[in-house]
Amino acid sequence: MATLEDIGVSALINILSAFAFLLAFALLRIQPINDRVYFPKWYITGARSNPRKGRRNFVGKFVNLNLKTYFTFLNWMPQALKMSEADIINHAGLDSAAFLRIYTLGLKIFVPVTMLALLIIIPVNISSGTLFFLRKELVVSDIDKLSISNVRPKSNRFFIHIALQYLFTIWTCFMLYKEYDSVASMRLRFLASQQRRAEQFTWSEIFLMFMVSQ
């Protein structure tokens with residue numbers, strides 16, 4: 001059975017892992033050898049040139065030797081948070097804007113769900129107190145006392161769980177529908193602002209346009 005200490009250790013490992021990956025990303029993006037990987041759109045538009053050109057130092061073509069950049073390698077984060085969605089699309093492309101919307105969608109779904117769970121489900125489970133009266137030989141953790149296993153069999157409290165399950169499902173589907181509509185509209189606006197290319201269309205659309213042009 002998981003305990004609060006186990007969950008705390010797991011959360012600490014996940015937080016440290018996330019920080020390590022963020023640190024690795026921030027350090028790798030300032031290396032000259034990775035410049036084309038992290039800034040492909042700038043190369044396509046001609047706003048950025050290869051930093052490896054013109055460097056006589058062989059090591060400097062692969063590793064950033066400017067020590068000053070290692071003290072400011074996280075400056076991109078506050079700048080990215082201030083950018084609008086249109087600026088993100090112009091700067092990093094449509095995929096980056098859609099990827100960031102996944103995180104905001106997660107917040108829109110799980111923050112209300114978490115608040116309702118903490119305010120309604122947890123008190124309902126704790127106040128039932130079924131696990132307190134079971135045999136002492138049964139191993140029960142503090143986490144089990146917060147779960148549905150602490151509700152008495154055939155209790156009316158199960159209807160609260162069922163009602164909230166329907167509510168959470170409806171809320172999730174509603175947010176997914178709104179997000180899909182927003183992303184689809186954003187994609188159409190982006191395609192309308194770009195030059196027409198074959199990869200923007202499906203094979204059936206290409207075949208239809210070919211037949212119409214004949």
# chains A, B, ... in the order shown; residues from 1 in each chain; ligands from 1
$ select_by_dssp --residues "segment 61-167 of chain A" --states "alpha helix (DSSP H)" --output "PyMOL selection string"
chain A and resi 76-82+85-92+94-116+122-128+157-167
$ closest_atom_pairs --of "segment 158-184 of chain A" --to "segment 82-106 of chain A" --cutoff "12 Å" --atoms "only C-alpha atoms" --output "CSV"
residue,atom,partner,partner_atom,distance
A:Trp171,CA,A:Leu105,CA,11.8
A:Thr172,CA,A:Gly106,CA,9.6
A:Cys173,CA,A:Leu105,CA,11.5
A:Phe174,CA,A:Leu105,CA,11.2
A:Met175,CA,A:Leu105,CA,7.5
A:Leu176,CA,A:Leu105,CA,7.9
A:Tyr177,CA,A:Leu105,CA,10.9
A:Lys178,CA,A:Leu105,CA,9.8
A:Glu179,CA,A:Leu105,CA,7.3
A:Tyr180,CA,A:Ala98,CA,10.2
A:Ser182,CA,A:Ala98,CA,9.8
A:Val183,CA,A:Ala98,CA,6.9
A:Ala184,CA,A:Ala98,CA,9.9
$ closest_residue --among "A:Lys108, A:Ile30, A:Tyr43, A:Ser155" --to "Thr72 of chain A" --atoms "only C-alpha atoms"
A:Ile30
$ closest_residue --among "A:Leu167, A:Ala26, A:Ile122, A:Ser127" --to "Leu146 of chain A" --atoms "only C-alpha atoms"
A:Ile122
$ atom_distance --atom1 "atom CA of Val113 of chain A" --atom2 "atom CA of Leu164 of chain A"
9.1 Å
$ atom_distance --atom1 "atom CA of Asn50 of chain A" --atom2 "atom CA of Phe62 of chain A"
11.5 Å
$ atom_distance --atom1 "atom CA of Leu119 of chain A" --atom2 "atom CA of Val9 of chain A"
24.9 Å
$ residues_around --residues "Ile120 of chain A" --least-positions-apart "4" --cutoff "12 Å" --atoms "only C-alpha atoms" --output "CSV table (one decimal) with C-alpha atoms, in the first residue's frame"
chain,number,residue,atom,x,y,z
A,112,PRO,CA,-11.6,22.5,-11.4
A,113,VAL,CA,-11.7,18.7,-11.1
A,114,THR,CA,-9.0,18.7,-8.4
A,115,MET,CA,-10.8,21.5,-6.5
A,116,LEU,CA,-14.1,19.6,-6.6
A,124,VAL,CA,-17.1,12.1,1.8
A,125,ASN,CA,-14.6,9.3,1.9
A,126,ILE,CA,-13.0,10.3,5.2
A,127,SER,CA,-16.2,10.9,7.1
A,146,LEU,CA,-9.0,9.1,1.5
A,157,ARG,CA,-22.3,8.1,-0.6
A,160,ILE,CA,-21.9,11.3,-5.0
A,161,HIS,CA,-19.1,9.5,-6.7
A,163,ALA,CA,-22.6,12.1,-10.0
A,164,LEU,CA,-19.1,13.6,-10.0
$ residues_around --residues "Arg48 of chain A" --least-positions-apart "5" --cutoff "10 Å" --atoms "only C-alpha atoms" --output "JSON, numbers by chain"
{"A": [35, 36, 39, 40, 41, 42, 43]}
$ write_last_selection --atoms "C-alpha atoms" --output "PDB file, in the first residue's frame"
ATOM      1  CA  ASP A  35      21.409  25.562 -33.490  1.00  0.00           C
ATOM      2  CA  ARG A  36      19.667  24.311 -36.634  1.00  0.00           C
ATOM      3  CA  PHE A  39      15.730  27.227 -34.603  1.00  0.00           C
ATOM      4  CA  PRO A  40      14.631  25.611 -37.908  1.00  0.00           C
ATOM      5  CA  LYS A  41      11.984  28.224 -38.715  1.00  0.00           C
ATOM      6  CA  TRP A  42      14.532  31.035 -38.430  1.00  0.00           C
ATOM      7  CA  TYR A  43      16.770  29.258 -40.945  1.00  0.00           C
TER       8      TYR A  43
END
$ closest_residue --among "A:Gln195, A:Asn66, A:Met77, A:Tyr38" --to "Leu23 of chain A" --atoms "only C-alpha atoms"
A:Met77
$ closest_residue --among "A:Val151, A:Ile15, A:Phe73, A:Ile109" --to "Pro123 of chain A" --atoms "only C-alpha atoms"
A:Val151
